[in-house]
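K.L.:
If you scroll down you'll find the structure; I have some questions about it.
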Amino acid sequence: MEKQKTLKDPVSFSGVGLHTGSTTRITFKPAPANIGIKFIRLDQPNSSEIAADIDNLIDVKRGTNIGLDNVKVHTVEHILSALSGLGIDNSYIEINANEPPVGDGSARPFIETLQKTSIVEQDAPRQYYELKEPVYYVHEDTSIIAVPADELKISLTIVYNHPLLKSQHASFIITPAIFIKELAPARTFCFDFEIETLKKQGLAKGGSLTNAVVIGEKDIHNELRFLDEFVRHKILDLIGDLYLLGQPLKAHIIAVKCGHPSNVAFVQKLREIKNKEAAQLAVKEAQKAAAGNNRFAGLDLDKPLMDINEIQKVLPHRPPFLLVDKILKIEEDKKAVGLKNVTINEDFFRGHFPGHPVMPGVLLIEAMAQVAGVLLLKKSENAGKLAYFMTIDKVKFRQTVVPGDTIFFEAELLKVKSRTGIVNGKAYVNNSLAAEAEFMFMLVDR
């Protein structure tokens, strides 16, 4: 069983923020199992820890930005990508500003920082989110499709209307070794005509050729680390954004022309599906628990001890006064369990509170008595006899019985003599007691 992982010791990295241009420092610290990734703003005393979770997404303006209670952390995607790529589940990340250092525009500086300490296993299983069926996100010419898989694999295509960057495609199974070598070094990029606009928006104050690949009209102003560095960086970004799901993902992601807006929209869709599945599972678990606590759990309703034809061989009653459908079991001639499915087609509903159909209490008593009669008359010494009421005692009605209910009847033999028998009867609906009574019968020859 794969275990969750955290860091052995704290490690730090300092540098300039891409958009703020301010010097900032982050420290990755160990965290207990099941904590996840949480950012702590040291420059905002007493502020809440900000979980790296899609529910804390603020916006995707030139990066993935999260926040809580008006405290924000900008452009977290490269950090999350590095943590995801190394398989780190739990870490506190202390930061002394609203934006982490950009490093060289890739995830490599964060990988190198994290590798200064050991990654240690924790005493908790790693909880992957595994797809049960394909998930689709499509908006205009952008698409992200995820299909079930045994690992995380990303196949991504980018398309630009630019002479130096038209289209690129890459596909990788995401493992720590592959991430470190093939994806972590890939840097963020922009076109040179975007820079002036970014500056006017108060962004990219810390941007330079040392931390971004800049594409001009006729040439690229940096030396590339990979011929397809651009699509590799898009995969790096997508890995970081996917980690906002709050747990590692097993799926094959097939994406075309995606970016942060589509990435987080896709993660939000995954979260909705995950929440729906969790709610359905909770209902099933509750039903399972209820069934486990059901006094009639384990009875095979499709294979009764006596069906309606066999019951009529023992009892003289006939419809509409035969009120038991099945006898499910008889234990040592001392206890019997019967069943009746109540439908709106019962004759008595036509006249008994027709606007608010309720099974008459006297018929509940009669049905319990019929199960008790079967218990008595199935004894070999009583074969061929009839059971007549002598007394009905200790009658209590606990809840109404309505169309659609299934009634389970219990009859327990308290005392029997040659010509009389005393039986305790109970009726249950939804595992709750609906009625009970104690009967004395006289046994007579037919």
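Each chain in the structure tokens gets a letter, A, B and so on, in the order shown; residues start at 1 in every chain, and ligands are counted from 1 in the order they appear.
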As a PyMOL selection string, please: the residues near stretch 322-326 of chain A (cut-off 8 Å, only C-alpha atoms, same-chain neighbours under 2 positions excluded).

P.N.:
chain A and resi 304-308+311+317-320+328+338-341+363+366-367+370-371

K.L.:
Selection from above, C-alpha atoms, as a tab-separated table (two decimals), in the first residue's frame, can you write it?

P.N.:
chain	number	residue	atom	x	y	z
A	304	PRO	CA	-39.43	-17.86	1.76
A	305	LEU	CA	-40.10	-20.88	3.92
A	306	MET	CA	-43.79	-20.66	2.93
A	307	ASP	CA	-45.28	-18.77	0.01
A	308	ILE	CA	-48.92	-17.68	-0.22
A	311	ILE	CA	-49.83	-20.50	3.90
A	317	HIS	CA	-58.22	-17.36	5.65
A	318	ARG	CA	-58.58	-16.24	2.05
A	319	PRO	CA	-58.24	-12.83	0.33
A	320	PRO	CA	-59.11	-10.16	1.16
A	328	LEU	CA	-39.73	-16.29	5.95
A	338	GLY	CA	-43.73	-13.27	8.24
A	339	LEU	CA	-43.97	-10.51	5.66
A	340	LYS	CA	-46.62	-8.40	3.96
A	341	ASN	CA	-46.09	-5.86	1.18
A	363	LEU	CA	-55.93	-5.52	10.53
A	366	GLU	CA	-55.20	-9.71	12.54
A	367	ALA	CA	-52.03	-10.03	10.43
A	370	GLN	CA	-52.23	-15.01	11.37
A	371	VAL	CA	-48.44	-15.35	11.66

K.L.:
Taking the DSSP secondary structure from the backbone, can you list the residues of stretch 4-221 of chain A that are strand (DSSP E or B), as an mmCIF file with C-alpha atoms, in the first residue's frame?

P.N.:
data_model
loop_
_atom_site.group_PDB
_atom_site.id
_atom_site.type_symbol
_atom_site.label_atom_id
_atom_site.label_comp_id
_atom_site.auth_asym_id
_atom_site.auth_seq_id
_atom_site.Cartn_x
_atom_site.Cartn_y
_atom_site.Cartn_z
ATOM 1 C CA GLN A 4 1.457 9.547 2.088
ATOM 2 C CA LYS A 5 4.674 11.578 2.075
ATOM 3 C CA THR A 6 6.022 14.753 3.631
ATOM 4 C CA LEU A 7 9.425 16.388 4.141
ATOM 5 C CA VAL A 11 13.936 23.918 3.421
ATOM 6 C CA SER A 12 13.801 27.471 2.049
ATOM 7 C CA PHE A 13 14.131 29.362 -1.226
ATOM 8 C CA SER A 14 14.325 33.112 -1.851
ATOM 9 C CA GLY A 15 13.959 35.254 -4.946
ATOM 10 C CA VAL A 16 11.965 37.884 -6.746
ATOM 11 C CA GLY A 17 8.232 37.633 -7.383
ATOM 12 C CA THR A 23 11.991 39.808 -2.880
ATOM 13 C CA THR A 24 10.192 36.970 -1.156
ATOM 14 C CA ARG A 25 11.095 33.836 0.761
ATOM 15 C CA ILE A 26 9.272 30.553 1.073
ATOM 16 C CA THR A 27 9.943 27.689 3.488
ATOM 17 C CA PHE A 28 8.621 24.181 2.900
ATOM 18 C CA LYS A 29 7.962 22.432 6.211
ATOM 19 C CA ILE A 37 -0.639 21.537 1.165
ATOM 20 C CA LYS A 38 -1.215 24.723 3.162
ATOM 21 C CA PHE A 39 0.246 28.197 2.712
ATOM 22 C CA ILE A 40 0.936 30.438 5.719
ATOM 23 C CA ARG A 41 1.458 34.176 5.185
ATOM 24 C CA ILE A 50 -4.697 28.752 3.021
ATOM 25 C CA ALA A 51 -5.206 25.240 1.733
ATOM 26 C CA LEU A 57 -9.352 29.775 -5.846
ATOM 27 C CA ILE A 58 -9.472 33.586 -6.205
ATOM 28 C CA ASP A 59 -8.708 34.142 -9.878
ATOM 29 C CA ASN A 65 -4.136 32.587 -7.282
ATOM 30 C CA ILE A 66 -5.677 31.316 -4.051
ATOM 31 C CA GLY A 67 -6.831 33.022 -0.872
ATOM 32 C CA LEU A 68 -8.906 32.886 2.270
ATOM 33 C CA VAL A 71 -5.419 36.944 2.462
ATOM 34 C CA LYS A 72 -4.014 35.804 -0.881
ATOM 35 C CA VAL A 73 -1.114 33.896 -2.391
ATOM 36 C CA SER A 91 3.503 20.329 3.660
ATOM 37 C CA TYR A 92 3.174 23.704 5.331
ATOM 38 C CA ILE A 93 4.566 26.461 3.103
ATOM 39 C CA GLU A 94 5.509 29.640 4.919
ATOM 40 C CA ILE A 95 5.747 32.735 2.732
ATOM 41 C CA PRO A 101 9.685 33.708 -5.911
ATOM 42 C CA ILE A 119 10.931 12.843 1.444
ATOM 43 C CA VAL A 120 9.585 10.530 4.145
ATOM 44 C CA GLU A 121 6.621 8.162 4.245
ATOM 45 C CA GLN A 122 3.839 8.671 6.771
ATOM 46 C CA ASP A 123 1.604 6.221 8.562
ATOM 47 C CA ALA A 124 -1.404 6.830 6.314
ATOM 48 C CA PRO A 125 -2.388 5.470 2.892
ATOM 49 C CA TYR A 129 -8.912 10.108 -6.866
ATOM 50 C CA GLU A 130 -9.695 7.565 -9.575
ATOM 51 C CA VAL A 135 -14.932 13.573 -17.780
ATOM 52 C CA TYR A 136 -15.135 16.288 -20.441
ATOM 53 C CA TYR A 137 -14.557 20.043 -20.416
ATOM 54 C CA VAL A 138 -15.002 21.962 -23.665
ATOM 55 C CA HIS A 139 -15.068 25.722 -24.155
ATOM 56 C CA THR A 142 -10.234 24.467 -25.732
ATOM 57 C CA SER A 143 -10.858 20.937 -24.511
ATOM 58 C CA ILE A 144 -9.737 18.809 -21.593
ATOM 59 C CA ILE A 145 -10.769 15.170 -21.434
ATOM 60 C CA ALA A 146 -9.915 12.739 -18.651
ATOM 61 C CA VAL A 147 -10.378 8.992 -18.937
ATOM 62 C CA LEU A 152 -1.467 10.077 -14.180
ATOM 63 C CA LYS A 153 -0.689 10.598 -17.843
ATOM 64 C CA ILE A 154 -0.959 13.914 -19.666
ATOM 65 C CA SER A 155 -1.137 14.337 -23.431
ATOM 66 C CA LEU A 156 -1.284 18.015 -24.371
ATOM 67 C CA THR A 157 -1.369 20.019 -27.578
ATOM 68 C CA ILE A 158 -0.822 23.765 -27.946
ATOM 69 C CA VAL A 159 -1.732 25.782 -31.050
ATOM 70 C CA SER A 167 1.694 23.836 -32.611
ATOM 71 C CA GLN A 168 3.443 21.404 -30.272
ATOM 72 C CA HIS A 169 2.370 18.124 -28.743
ATOM 73 C CA ALA A 170 3.822 16.082 -25.885
ATOM 74 C CA SER A 171 2.696 13.155 -23.765
ATOM 75 C CA PHE A 172 4.176 11.931 -20.476
ATOM 76 C CA ILE A 173 3.321 9.474 -17.722
ATOM 77 C CA PHE A 189 6.822 32.012 -21.701
ATOM 78 C CA CYS A 190 5.218 35.066 -23.211
ATOM 79 C CA PHE A 191 5.259 37.059 -26.436
ATOM 80 C CA VAL A 213 11.147 32.678 -22.357
ATOM 81 C CA VAL A 214 10.228 35.657 -24.519
ATOM 82 C CA ILE A 215 9.064 35.050 -28.074
ATOM 83 C CA ILE A 220 13.120 33.710 -29.524
#

K.L.:
For A:Asn275, which of A:Leu245, A:Gly259, A:Val362, A:Ser418 is the closest residue, counting only C-alpha atoms?

P.N.:
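Looking only at the distances to A:Asn275, the closest residue turns out to be A:Leu245.
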
K.L.:
Using only C-alpha atoms, pick whichever of A:Leu281, A:Leu249, A:Ala107, A:Leu377 has the shortest atom-to-atom distance to A:Gln312.

P.N.:
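Between A:Leu281, A:Leu249, A:Ala107, A:Leu377, the residue approaching A:Gln312 most closely is A:Leu377.
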
K.L.:
If we count only C-alpha atoms, what is near A:Gly21 at a cut-off of 12 Å, once residues fewer than 6 positions away on the same chain are taken out, given as a ChimeraX atom specification?

P.N.:
/A:15,97-103,199,202-208,211

K.L.:
Mind checking which residues fall within 10 Å of A:Gly240, counting only C-alpha atoms, ignoring those fewer than 5 positions away in the same chain, and posting them as a PyMOL selection string?

P.N.:
chain A and resi 52+64+76-85+107+234-235+245+260+263

K.L.:
Generate a file of the selected residues that holds N, CA and C atoms, formatted as a PDB file, in the first residue's frame.

P.N.:
ATOM      1  N   ALA A  52      -4.226  24.620  -0.379  1.00  0.00           N
ATOM      2  CA  ALA A  52      -4.135  24.574  -1.843  1.00  0.00           C
ATOM      3  C   ALA A  52      -5.297  23.735  -2.346  1.00  0.00           C
ATOM      4  N   THR A  64      -2.285  31.077 -11.225  1.00  0.00           N
ATOM      5  CA  THR A  64      -3.316  30.507 -10.348  1.00  0.00           C
ATOM      6  C   THR A  64      -3.161  31.121  -8.970  1.00  0.00           C
ATOM      7  N   VAL A  76       0.709  30.161  -7.629  1.00  0.00           N
ATOM      8  CA  VAL A  76       1.160  28.999  -6.847  1.00  0.00           C
ATOM      9  C   VAL A  76       1.372  27.758  -7.714  1.00  0.00           C
ATOM     10  N   GLU A  77       1.106  27.858  -9.018  1.00  0.00           N
ATOM     11  CA  GLU A  77       1.064  26.648  -9.839  1.00  0.00           C
ATOM     12  C   GLU A  77       2.396  25.923  -9.939  1.00  0.00           C
ATOM     13  N   HIS A  78       3.523  26.660 -10.000  1.00  0.00           N
ATOM     14  CA  HIS A  78       4.819  25.987 -10.140  1.00  0.00           C
ATOM     15  C   HIS A  78       5.207  25.259  -8.854  1.00  0.00           C
ATOM     16  N   ILE A  79       4.878  25.855  -7.722  1.00  0.00           N
ATOM     17  CA  ILE A  79       5.131  25.202  -6.437  1.00  0.00           C
ATOM     18  C   ILE A  79       4.306  23.924  -6.330  1.00  0.00           C
ATOM     19  N   LEU A  80       3.016  24.028  -6.644  1.00  0.00           N
ATOM     20  CA  LEU A  80       2.144  22.853  -6.549  1.00  0.00           C
ATOM     21  C   LEU A  80       2.567  21.781  -7.538  1.00  0.00           C
ATOM     22  N   SER A  81       3.035  22.200  -8.715  1.00  0.00           N
ATOM     23  CA  SER A  81       3.493  21.234  -9.702  1.00  0.00           C
ATOM     24  C   SER A  81       4.701  20.468  -9.174  1.00  0.00           C
ATOM     25  N   ALA A  82       5.644  21.171  -8.537  1.00  0.00           N
ATOM     26  CA  ALA A  82       6.829  20.515  -7.981  1.00  0.00           C
ATOM     27  C   ALA A  82       6.452  19.527  -6.885  1.00  0.00           C
ATOM     28  N   LEU A  83       5.541  19.928  -5.999  1.00  0.00           N
ATOM     29  CA  LEU A  83       5.105  19.035  -4.920  1.00  0.00           C
ATOM     30  C   LEU A  83       4.385  17.815  -5.475  1.00  0.00           C
ATOM     31  N   SER A  84       3.510  18.042  -6.442  1.00  0.00           N
ATOM     32  CA  SER A  84       2.790  16.934  -7.065  1.00  0.00           C
ATOM     33  C   SER A  84       3.752  16.017  -7.808  1.00  0.00           C
ATOM     34  N   GLY A  85       4.676  16.622  -8.557  1.00  0.00           N
ATOM     35  CA  GLY A  85       5.623  15.819  -9.331  1.00  0.00           C
ATOM     36  C   GLY A  85       6.490  14.926  -8.474  1.00  0.00           C
ATOM     37  N   ALA A 107       9.772  24.933 -12.601  1.00  0.00           N
ATOM     38  CA  ALA A 107       9.639  24.295 -11.287  1.00  0.00           C
ATOM     39  C   ALA A 107      10.971  23.773 -10.770  1.00  0.00           C
ATOM     40  N   LYS A 234       3.310  23.980 -20.378  1.00  0.00           N
ATOM     41  CA  LYS A 234       1.852  23.903 -20.231  1.00  0.00           C
ATOM     42  C   LYS A 234       1.453  22.645 -19.446  1.00  0.00           C
ATOM     43  N   ILE A 235       2.176  21.552 -19.673  1.00  0.00           N
ATOM     44  CA  ILE A 235       1.920  20.334 -18.887  1.00  0.00           C
ATOM     45  C   ILE A 235       2.289  20.574 -17.430  1.00  0.00           C
ATOM     46  N   LEU A 245      -7.160  19.824  -6.672  1.00  0.00           N
ATOM     47  CA  LEU A 245      -8.204  18.859  -6.334  1.00  0.00           C
ATOM     48  C   LEU A 245      -8.072  18.404  -4.889  1.00  0.00           C
ATOM     49  N   HIS A 260      -4.641  28.284 -17.607  1.00  0.00           N
ATOM     50  CA  HIS A 260      -5.129  28.291 -16.228  1.00  0.00           C
ATOM     51  C   HIS A 260      -6.657  28.394 -16.117  1.00  0.00           C
ATOM     52  N   ASN A 263      -7.974  25.008 -16.995  1.00  0.00           N
ATOM     53  CA  ASN A 263      -7.472  24.019 -16.030  1.00  0.00           C
ATOM     54  C   ASN A 263      -8.307  24.016 -14.758  1.00  0.00           C
TER      55      ASN A 263
END

K.L.:
Given the choices A:Ile254, A:Asp69, A:Asn309, A:Tyr243, which gets closest to A:Leu270 if the distance is worked out from only C-alpha atoms?

P.N.:
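Distance minimum relative to A:Leu270 lands on A:Tyr243.
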
K.L.:
Mind pulling up the distance from atom CA of A:Phe409 to atom CA of A:Ala336?

P.N.:
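Answer for the atom CA of A:Ala336 to atom CA of A:Phe409 separation: 8.0 Å.
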
K.L.:
Enumerate the residues of stretch 76-246 of chain A with a DSSP assignment of helix (DSSP H, G or I), computed from the backbone, and present them as a PyMOL selection string.

P.N.:
chain A and resi 77-86+108-114+176-183+192-200+229-245

K.L.:
When distances are computed from only C-alpha atoms, which of A:Arg295, A:Asp393, A:Asn96, A:Ala434 shows the smallest separation from A:Pro360?

P.N.:
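Of all the options, A:Ala434 lies closest to A:Pro360.
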
K.L.:
Considering only C-alpha atoms, return as a list in words whatever protein or nucleic-acid residues lie within 9 Å of A:Ala184, sequence-local ones (same chain, fewer than 3 positions apart) excluded.

P.N.:
His78, Ser81, Ala82, Gly85, Ser106, Ala107, Arg108, Pro109, Phe110, Ile111, Ile178, Phe179, Ile180, Lys181, Arg187, Arg232, His233 and Leu236 of chain A

K.L.:
Could the residues in this selection be saved with C-alpha atoms as a PDB file, in the first residue's frame?

P.N.:
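In the end it all went to selection17.pdb:
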ATOM      1  CA  HIS A  78       4.819  25.987 -10.140  1.00  0.00           C
ATOM      2  CA  SER A  81       3.493  21.234  -9.702  1.00  0.00           C
ATOM      3  CA  ALA A  82       6.829  20.515  -7.981  1.00  0.00           C
ATOM      4  CA  GLY A  85       5.623  15.819  -9.331  1.00  0.00           C
ATOM      5  CA  SER A 106      10.162  26.793 -14.098  1.00  0.00           C
ATOM      6  CA  ALA A 107       9.639  24.295 -11.287  1.00  0.00           C
ATOM      7  CA  ARG A 108      13.309  23.313 -11.186  1.00  0.00           C
ATOM      8  CA  PRO A 109      14.332  25.742  -8.375  1.00  0.00           C
ATOM      9  CA  PHE A 110      11.585  24.317  -6.162  1.00  0.00           C
ATOM     10  CA  ILE A 111      12.607  20.743  -7.014  1.00  0.00           C
ATOM     11  CA  ILE A 178      10.051  11.898 -15.496  1.00  0.00           C
ATOM     12  CA  PHE A 179       8.853  15.123 -13.887  1.00  0.00           C
ATOM     13  CA  ILE A 180      12.336  16.060 -12.636  1.00  0.00           C
ATOM     14  CA  LYS A 181      14.037  15.385 -15.963  1.00  0.00           C
ATOM     15  CA  ARG A 187      10.001  27.712 -18.247  1.00  0.00           C
ATOM     16  CA  ARG A 232       6.146  20.982 -21.618  1.00  0.00           C
ATOM     17  CA  HIS A 233       5.588  24.089 -19.523  1.00  0.00           C
ATOM     18  CA  LEU A 236       3.824  21.583 -15.836  1.00  0.00           C
TER      19      LEU A 236
END

K.L.:
I'd like the neighbourhood of stretch 350-356 of chain A as a ChimeraX atom specification, where a residue qualifies if any of its atoms comes within 9 Å (using only C-alpha atoms), though same-chain residues fewer than 5 positions away should be ignored.

P.N.:
/A:344-345,402

K.L.:
Interatomic distance between atom CA of A:Glu133 and atom CA of A:Ile88?

P.N.:
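Distance between the two atoms: 26.4 Å.
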
K.L.:
For each of A:Gln280, A:Thr20, A:Asn431, A:Asn90, take the minimum atom-to-atom distance to A:Gln201, counting only C-alpha atoms, then give the residue where this is smallest.

P.N.:
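Of the candidates, the smallest distance to A:Gln201 is held by A:Thr20.
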